[in-house]
file my_file11.txt (compact mmCIF, C-alpha atoms)
# COMPACT_ATOMS: atom_id res chain seq x y z
CA MET A 1226 -69.93 10.14 29.93
CA ILE A 1227 -72.16 10.30 26.87
CA ASN A 1228 -74.96 7.95 27.86
CA ASN A 1229 -77.57 6.08 25.84
CA VAL A 1230 -76.37 7.22 22.41
CA GLU A 1231 -77.00 5.37 19.14
CA ASP A 1232 -74.19 6.82 17.02
CA VAL A 1233 -71.66 9.42 18.15
CA ALA A 1234 -68.56 10.21 16.11
CA VAL A 1235 -67.50 13.75 17.00
CA ALA A 1236 -67.57 15.62 20.32
CA THR A 1237 -66.12 18.90 21.56
CA ILE A 1238 -66.80 19.79 25.20
CA ASN A 1239 -65.75 22.55 27.61
CA VAL A 1240 -65.68 22.08 31.38
CA THR A 1241 -65.55 25.14 33.64
CA TYR A 1242 -64.93 25.34 37.40
CA ASP A 1243 -63.69 27.62 40.16
CA PRO A 1244 -59.86 27.63 39.87
CA SER A 1245 -59.51 28.72 43.50
CA VAL A 1246 -61.00 25.36 44.56
CA ILE A 1247 -59.66 22.82 42.04
CA ARG A 1248 -57.41 22.53 39.02
CA VAL A 1249 -57.89 20.07 36.15
CA THR A 1250 -54.42 18.63 35.59
CA ASP A 1251 -55.14 15.88 33.07
CA ALA A 1252 -57.81 14.45 30.79
CA GLY A 1253 -57.84 11.27 28.75
CA ASN A 1254 -58.58 7.53 28.73
CA SER A 1255 -61.41 8.14 26.25
CA ASP A 1256 -63.41 5.50 24.38
CA PHE A 1257 -62.96 7.54 21.21
CA GLN A 1258 -60.19 6.60 18.79
CA VAL A 1259 -58.77 10.12 18.77
CA PHE A 1260 -58.85 12.39 21.80
CA PHE A 1261 -57.20 15.75 22.47
CA ARG A 1262 -57.30 18.27 25.29
CA ASN A 1263 -56.33 21.89 25.83
CA LEU A 1264 -55.22 22.54 29.42
CA HIS A 1265 -53.66 25.91 28.63
CA PHE A 1266 -56.34 27.76 30.59
CA ALA A 1267 -56.76 25.20 33.37
CA ASP A 1268 -55.46 27.69 35.93
CA LYS A 1269 -58.14 30.13 34.73
CA GLY A 1270 -60.96 27.66 35.35
CA TRP A 1271 -61.74 25.89 32.10
CA VAL A 1272 -60.54 23.14 29.77
CA ARG A 1273 -61.57 22.17 26.25
CA MET A 1274 -61.58 18.58 25.02
CA GLY A 1275 -62.32 17.04 21.66
CA ALA A 1276 -62.69 13.53 20.28
CA TYR A 1277 -63.69 11.74 17.10
CA GLN A 1278 -63.98 8.35 15.50
CA VAL A 1279 -61.96 7.55 12.39
CA MET A 1280 -64.37 4.84 11.26
CA ASN A 1281 -67.77 3.95 12.74
CA GLY A 1282 -69.48 5.89 15.52
CA LEU A 1283 -69.85 4.63 19.08
CA SER A 1284 -73.08 3.56 20.76
CA GLY A 1285 -74.43 2.85 24.22
CA ASP A 1286 -72.72 4.47 27.22
CA VAL A 1287 -69.55 6.09 25.90
CA LYS A 1288 -66.72 7.44 28.05
CA PHE A 1289 -65.71 10.83 26.67
CA ALA A 1290 -62.92 11.44 29.17
CA GLU A 1291 -61.58 10.90 32.66
CA LEU A 1292 -60.45 14.08 34.41
CA GLY A 1293 -57.49 14.35 36.75
CA ILE A 1294 -58.43 16.91 39.41
CA THR A 1295 -56.12 18.44 42.03
CA PRO A 1296 -57.68 20.27 45.00
CA VAL A 1297 -56.12 23.69 45.60
CA GLY A 1298 -58.70 25.14 48.00
CA SER A 1299 -59.56 24.39 51.60
CA PRO A 1300 -61.61 21.54 53.12
CA GLY A 1301 -65.34 22.16 52.75
CA GLU A 1302 -65.05 24.31 49.62
CA THR A 1303 -67.17 23.30 46.61
CA THR A 1304 -67.17 24.14 42.93
CA SER A 1305 -69.59 23.27 40.17
CA LEU A 1306 -68.31 21.37 37.13
CA GLU A 1307 -70.27 22.96 34.30
CA ILE A 1308 -70.34 21.18 30.95
CA GLU A 1309 -70.77 23.05 27.67
CA VAL A 1310 -71.29 20.88 24.58
CA ILE A 1311 -69.77 22.70 21.61
CA THR A 1312 -70.16 19.85 19.13
CA LEU A 1313 -71.87 16.47 19.30
CA SER A 1314 -72.60 14.73 16.02
CA ASP A 1315 -73.00 11.28 14.51
CA SER A 1316 -71.02 9.51 11.80
CA GLU A 1317 -73.01 11.35 9.10
CA ASP A 1318 -72.15 14.71 10.68
CA LYS A 1319 -75.70 15.23 11.93
CA PRO A 1320 -76.06 17.01 15.29
CA ILE A 1321 -77.17 14.96 18.31
CA LYS A 1322 -79.62 16.46 20.78
CA VAL A 1323 -78.26 16.31 24.30
CA GLU A 1324 -79.34 16.95 27.87
CA VAL A 1325 -76.43 18.12 30.00
CA LYS A 1326 -76.06 17.10 33.65
CA ASN A 1327 -73.49 19.26 35.43
CA GLY A 1328 -71.49 18.00 38.38
CA SER A 1329 -69.74 19.34 41.44
CA PHE A 1330 -66.56 18.77 43.44
CA THR A 1331 -66.21 19.20 47.20
CA ILE A 1332 -62.89 19.12 49.05
CA LYS A 1333 -63.22 16.85 52.04
CA GLU A 1334 -61.29 17.43 55.24
CA HIS A 1335 -57.82 15.95 54.92
CA PHE A 1336 -56.24 14.34 57.96
CA GLN A 1337 -52.54 13.76 58.52
CA LEU A 1338 -50.42 11.83 60.99
CA ASP A 1339 -48.08 14.48 62.33
CA THR A 1340 -45.72 13.83 65.24
CA GLY A 1341 -44.69 17.49 65.31
CA SER A 1342 -41.31 18.59 66.63
CA PRO A 1343 -40.14 17.32 70.04
CA GLU A 1344 -38.98 19.77 72.69
CA ASN A 1345 -35.52 18.23 72.50
CA PRO A 1346 -34.78 16.42 69.22
CA TYR A 1347 -31.33 15.23 70.36
CA PRO A 1348 -29.53 12.89 70.47
CA SER A 1349 -30.02 12.19 66.78
CA ILE A 1350 -28.35 9.83 64.35
CA GLY A 1351 -29.29 7.97 61.19
CA GLY A 1352 -30.45 4.38 61.23
CA ILE A 1353 -33.36 1.99 60.72
CA HIS A 1354 -36.64 2.57 62.57
CA HIS A 1355 -39.23 -0.18 63.05
CA GLY A 1356 -42.62 0.32 64.65
CA THR A 1357 -46.37 0.52 64.25
CA ILE A 1358 -48.88 3.16 63.23
CA LYS A 1359 -52.55 3.02 64.21
CA PRO A 1360 -54.66 5.92 62.89
CA ASN A 1361 -57.98 6.83 64.50
CA LYS A 1362 -59.13 8.57 61.29
CA ALA A 1363 -58.68 7.59 57.65
CA ILE A 1364 -55.40 9.10 56.44
CA THR A 1365 -54.84 9.62 52.71
CA VAL A 1366 -51.11 9.58 52.05
CA CYS A 1367 -48.97 10.86 49.20
CA LYS A 1368 -45.82 12.00 51.04
CA LEU A 1369 -43.68 11.39 54.10
CA TYR A 1370 -42.07 14.52 55.54
CA THR A 1371 -39.16 14.26 57.98
CA TYR A 1372 -38.41 17.06 60.43
CA PRO A 1373 -34.66 17.84 60.30
CA CYS A 1374 -32.62 19.05 63.25
CA ALA A 1375 -31.85 22.75 62.85
CA GLY A 1376 -29.00 23.43 60.46
CA THR A 1377 -28.76 19.82 59.24
CA GLY A 1378 -29.92 17.83 56.24
CA GLY A 1379 -32.01 15.44 58.33
CA HIS A 1380 -34.20 13.30 56.09
CA SER A 1381 -35.57 9.82 55.46
CA GLU A 1382 -34.04 7.71 52.70
CA TYR A 1383 -36.58 4.86 52.53
CA VAL A 1384 -40.00 4.03 53.93
CA LYS A 1385 -42.13 0.90 53.85
CA ILE A 1386 -45.62 0.55 55.35
CA TRP A 1387 -47.57 -2.71 55.47
CA ASN A 1388 -50.18 -4.68 57.39
CA ASN A 1389 -51.00 -8.30 58.11
CA SER A 1390 -53.22 -8.66 55.03
CA GLY A 1391 -50.16 -8.65 52.77
CA TRP A 1392 -50.73 -5.10 51.57
CA ASN A 1393 -47.61 -2.93 51.44
CA VAL A 1394 -46.25 0.25 49.90
CA SER A 1395 -42.74 1.69 49.78
CA ALA A 1396 -40.84 4.69 48.43
CA ARG A 1397 -37.29 6.01 48.28
CA TRP A 1398 -35.71 9.42 48.72
CA GLU A 1399 -34.58 11.16 45.52
CA GLY A 1400 -31.68 13.09 47.03
CA TYR A 1401 -30.98 16.66 48.00
CA GLY A 1402 -32.56 19.16 45.68
CA GLY A 1403 -36.12 20.34 45.22
CA ASP A 1404 -38.50 19.06 47.88
CA TRP A 1405 -35.80 17.03 49.59
CA HIS A 1406 -37.47 16.88 53.03
CA ASN A 1407 -40.20 14.67 51.52
CA ILE A 1408 -40.41 11.17 50.12
CA SER A 1409 -43.22 10.94 47.54
CA PHE A 1410 -45.14 7.71 46.91
CA ASP A 1411 -45.96 6.68 43.34
CA GLU A 1412 -49.69 6.51 44.13
CA ARG A 1413 -51.90 7.85 46.89
CA PHE A 1414 -53.13 5.32 49.45
CA THR A 1415 -55.30 5.36 52.55
CA LEU A 1416 -54.48 4.16 56.04
CA GLN A 1417 -57.79 3.05 57.52
CA ALA A 1418 -58.97 4.13 60.96
CA GLY A 1419 -58.49 1.51 63.67
CA VAL A 1420 -56.10 -0.64 61.60
CA GLU A 1421 -52.55 -1.23 62.82
CA TYR A 1422 -49.77 -0.87 60.25
CA ASN A 1423 -46.09 -1.72 60.49
CA TYR A 1424 -43.43 0.67 59.27
CA THR A 1425 -39.75 0.67 58.46
CA ILE A 1426 -38.10 4.05 57.98
CA VAL A 1427 -34.42 4.42 57.11
CA THR A 1428 -33.07 7.84 58.08
CA GLY A 1429 -29.87 9.65 57.23
CA SER A 1430 -28.11 12.73 58.58
CA TYR A 1431 -29.88 14.20 61.65
CA PRO A 1432 -33.68 13.87 61.77
CA GLN A 1433 -35.53 15.12 64.83
CA ILE A 1434 -36.30 12.31 67.28
CA HIS A 1435 -39.06 11.74 69.85
CA HIS A 1436 -37.36 9.77 72.59
CA LYS A 1437 -40.44 7.79 73.54
CA LYS A 1438 -41.68 4.23 73.21
CA GLU A 1439 -45.15 5.46 72.20
CA LEU A 1440 -46.39 8.78 70.85
CA VAL A 1441 -50.09 9.71 70.94
CA MET A 1442 -51.11 12.20 68.24
CA ASP A 1443 -54.41 13.87 67.39
CA ASN A 1444 -55.13 11.36 64.62
CA GLY A 1445 -53.45 8.19 65.86
CA ILE A 1446 -50.66 6.44 67.75
CA ILE A 1447 -47.12 5.62 66.60
CA THR A 1448 -44.85 3.25 68.51
CA CYS A 1449 -41.22 2.25 68.34
CA THR A 1450 -40.47 -1.48 68.38
CA GLN A 1451 -36.81 -1.15 67.45
CA PHE A 1452 -34.27 1.40 66.22
CA ILE A 1453 -30.83 0.31 65.06
CA ASP A 1454 -28.50 3.26 64.55
CA ILE A 1455 -25.68 3.42 62.02
CA ASN A 1456 -23.28 2.25 64.72
CA ARG A 1457 -25.40 -0.94 65.14
CA LYS A 1458 -26.57 0.13 68.58
CA GLU A 1459 -30.16 -0.90 69.37
CA HIS A 1460 -32.77 1.37 70.98
CA LYS A 1461 -36.41 0.89 71.98
CA ASP A 1462 -37.56 4.48 72.38
CA TRP A 1463 -36.65 6.40 69.22
CA ILE A 1464 -39.51 7.64 67.02
CA PRO A 1465 -38.60 9.83 64.01
CA ALA A 1466 -40.40 13.18 63.81
CA ILE A 1467 -42.51 12.81 60.66
CA ARG A 1468 -45.65 13.99 58.92
CA LEU A 1469 -47.53 11.42 56.88
CA GLY A 1470 -50.25 12.68 54.58
call {"tool": "encode", "arguments": {"input": "my_file11.txt", "output": "structure tokens"}}
result
Amino acid sequence: MINNVEDVAVATINVTYDPSVIRVTDAGNSDFQVFFRNLHFADKGWVRMGAYQVMNGLSGDVKFAELGITPVGSPGETTSLEIEVITLSDSEDKPIKVEVKNGSFTIKEHFQLDTGSPENPYPSIGGIHHGTIKPNKAITVCKLYTYPCAGTGGHSEYVKIWNNSGWNVSARWEGYGGDWHNISFDERFTLQAGVEYNYTIVTGSYPQIHHKKELVMDNGIITCTQFIDINRKEHKDWIPAIRLG
């Protein structure tokens, strides 16, 4: 942000950080008419951004850029976000005096819902799993990983998670190739601690199975309400071995 400015038309700014902690992966959504960024050295710990107005300058509280930041370090690690103003001038090309306020970024501890592998994952078959998930910690989710039985292509093909408020999210498998054990959601979301969520997971091939009605994990509980296999046989104690986080 460029705050409390009367007339700003040109800005060039560097941001530096510790690349072992975070990586800037995007920058944009500026209030300026023209904005550009150089992410070529993002893996080295700095990015350069520039912006200008074609016509009149901007005033008030002006958004220079929003940064997309990906954590690459470990929980608890912190880096400063140091701002260097290369150019800041008004519509008459006069320099603007500025007081810089640097920031920081701390990686919080990230919790997952992980069933782990069962001692005996068999029998296994594809089908449709229905059940509930109740985390005891807030779980931020971007992917669903499915544990495959050894030597098989066990995976999930579709997942939907929802609650009684009407909120829901779903994602589909993109096929074998690349990170095929995972289903990636379009946007990150958070499962709140103490809230019960419903799930439907459609599996194919041979995923590992916990043959239990209820599975207690470190960060929550997952239950099976119904599993219908590809032969249309119904079960009440099949929970797919997954990692949600």
call {"tool": "residues_around", "arguments": {"input": "my_file11.txt", "residues": "region 1366-1381 of chain A", "least_positions_apart": "5", "cutoff": "6 Å", "atoms": "all atoms listed in the file", "output": "compact mmCIF listing (two decimals) with C-alpha atoms, keeping the file's coordinate frame"}}
result
# COMPACT_ATOMS: atom_id res chain seq x y z
CA HIS A 1406 -37.47 16.88 53.03
CA ASN A 1407 -40.20 14.67 51.52
CA ILE A 1408 -40.41 11.17 50.12
CA SER A 1409 -43.22 10.94 47.54
CA PHE A 1410 -45.14 7.71 46.91
CA ARG A 1413 -51.90 7.85 46.89
CA PHE A 1414 -53.13 5.32 49.45
CA THR A 1415 -55.30 5.36 52.55
CA VAL A 1427 -34.42 4.42 57.11
CA THR A 1428 -33.07 7.84 58.08
CA GLY A 1429 -29.87 9.65 57.23
CA SER A 1430 -28.11 12.73 58.58
CA TYR A 1431 -29.88 14.20 61.65
CA PRO A 1432 -33.68 13.87 61.77
CA GLN A 1433 -35.53 15.12 64.83
CA ALA A 1466 -40.40 13.18 63.81
CA ILE A 1467 -42.51 12.81 60.66
CA ARG A 1468 -45.65 13.99 58.92
CA LEU A 1469 -47.53 11.42 56.88
CA GLY A 1470 -50.25 12.68 54.58
call {"tool": "axis_aligned_box", "arguments": {"input": "my_file11.txt", "around": "region 1350-1365 of chain A", "padding_each_side": "6 Å", "output": "lines of an AutoDock Vina configuration file"}}
result
center_x = -43.7
center_y = 4.8
center_z = 58.7
size_x = 42.8
size_y = 22.0
size_z = 23.9
call {"tool": "residues_around", "arguments": {"input": "my_file11.txt", "residues": "region 1438-1448 of chain A", "least_positions_apart": "2", "cutoff": "7 Å", "atoms": "all atoms listed in the file", "output": "list in words"}}
result
Leu1338, Thr1340, Gly1356, Thr1357, Ile1358, Lys1359, Pro1360, Asn1361, Lys1362, Thr1450, Lys1461, Asp1462 and Trp1463 of chain A
call {"tool": "write_last_selection", "arguments": {"input": "my_file11.txt", "atoms": "C-alpha atoms", "output": "mmCIF file, in the frame of the given file"}}
result
data_model
loop_
_atom_site.group_PDB
_atom_site.id
_atom_site.type_symbol
_atom_site.label_atom_id
_atom_site.label_comp_id
_atom_site.auth_asym_id
_atom_site.auth_seq_id
_atom_site.Cartn_x
_atom_site.Cartn_y
_atom_site.Cartn_z
ATOM 1 C CA LEU A 1338 -50.420 11.830 60.990
ATOM 2 C CA THR A 1340 -45.720 13.830 65.240
ATOM 3 C CA GLY A 1356 -42.620 0.320 64.650
ATOM 4 C CA THR A 1357 -46.370 0.520 64.250
ATOM 5 C CA ILE A 1358 -48.880 3.160 63.230
ATOM 6 C CA LYS A 1359 -52.550 3.020 64.210
ATOM 7 C CA PRO A 1360 -54.660 5.920 62.890
ATOM 8 C CA ASN A 1361 -57.980 6.830 64.500
ATOM 9 C CA LYS A 1362 -59.130 8.570 61.290
ATOM 10 C CA THR A 1450 -40.470 -1.480 68.380
ATOM 11 C CA LYS A 1461 -36.410 0.890 71.980
ATOM 12 C CA ASP A 1462 -37.560 4.480 72.380
ATOM 13 C CA TRP A 1463 -36.650 6.400 69.220
#
call {"tool": "atom_distance", "arguments": {"input": "my_file11.txt", "atom1": "CA of Glu1309 (chain A)", "atom2": "CA of Gly1328 (chain A)"}}
result
11.9 Å
call {"tool": "residues_around", "arguments": {"input": "my_file11.txt", "residues": "Glu1324 (chain A)", "least_positions_apart": "6", "cutoff": "12 Å", "atoms": "all atoms listed in the file", "output": "list in words"}}
result
Met1226, Ile1227, Asn1228, Asn1229, Val1230, Ile1308, Glu1309, Val1310 and Leu1313 of chain A
call {"tool": "residues_around", "arguments": {"input": "my_file11.txt", "residues": "Thr1250 (chain A)", "least_positions_apart": "2", "cutoff": "7 Å", "atoms": "only C-alpha atoms", "output": "list in words"}}
result
Arg1248, Gly1293, Ile1294 and Thr1295 of chain A
call {"tool": "closest_residue", "arguments": {"input": "my_file11.txt", "among": "A:Ile1455, A:Leu1292, A:Ala1234, A:Ala1418", "to": "Glu1317 (chain A)", "atoms": "all atoms listed in the file"}}
result
A:Ala1234
call {"tool": "closest_residue", "arguments": {"input": "my_file11.txt", "among": "A:Pro1465, A:Gly1400, A:Pro1296, A:Gly1253", "to": "Gly1275 (chain A)", "atoms": "all atoms listed in the file"}}
result
A:Gly1253
call {"tool": "atom_distance", "arguments": {"input": "my_file11.txt", "atom1": "CA of Pro1320 (chain A)", "atom2": "CA of Val1249 (chain A)"}}
result
27.8 Å
call {"tool": "residues_around", "arguments": {"input": "my_file11.txt", "residues": "Ala1236 (chain A)", "least_positions_apart": "5", "cutoff": "12 Å", "atoms": "all atoms listed in the file", "output": "ChimeraX atom specification"}}
result
/A:1226-1227,1255-1262,1273-1278,1282-1283,1287-1290,1309-1316,1318-1321,1323
call {"tool": "atom_distance", "arguments": {"input": "my_file11.txt", "atom1": "CA of Glu1334 (chain A)", "atom2": "CA of Asn1423 (chain A)"}}
result
25.0 Å
call {"tool": "residues_near_point", "arguments": {"input": "my_file11.txt", "point": "(-47.3, 1.1, 52.8)", "cutoff": "8 Å", "atoms": "all atoms listed in the file", "output": "list in words"}}
result
Val1384, Lys1385, Ile1386, Trp1387, Asn1388, Trp1392, Asn1393, Val1394, Ser1395, Phe1414 and Tyr1424 of chain A
call {"tool": "closest_atom_pairs", "arguments": {"input": "my_file11.txt", "of": "region 1234-1273 of chain A", "to": "region 1301-1307 of chain A", "cutoff": "10 Å", "atoms": "all atoms listed in the file", "output": "CSV"}}
result
residue,atom,partner,partner_atom,distance
A:Asn1239,CA,A:Glu1307,CA,8.1
A:Val1240,CA,A:Glu1307,CA,5.5
A:Thr1241,CA,A:Glu1307,CA,5.2
A:Tyr1242,CA,A:Leu1306,CA,5.2
A:Asp1243,CA,A:Thr1304,CA,5.6
A:Pro1244,CA,A:Thr1304,CA,8.7
A:Ser1245,CA,A:Thr1304,CA,8.9
A:Val1246,CA,A:Thr1304,CA,6.5
A:Ile1247,CA,A:Thr1304,CA,7.7
A:Gly1270,CA,A:Leu1306,CA,9.8
A:Trp1271,CA,A:Glu1307,CA,9.3
call {"tool": "residues_near_point", "arguments": {"input": "my_file11.txt", "point": "(-32.8, 1.1, 71.8)", "cutoff": "12 Å", "atoms": "only C-alpha atoms", "output": "list in words"}}
result
Gly1352, Ile1353, His1354, His1355, His1436, Lys1437, Lys1438, Cys1449, Thr1450, Gln1451, Phe1452, Ile1453, Asp1454, Asn1456, Arg1457, Lys1458, Glu1459, His1460, Lys1461, Asp1462, Trp1463 and Ile1464 of chain A
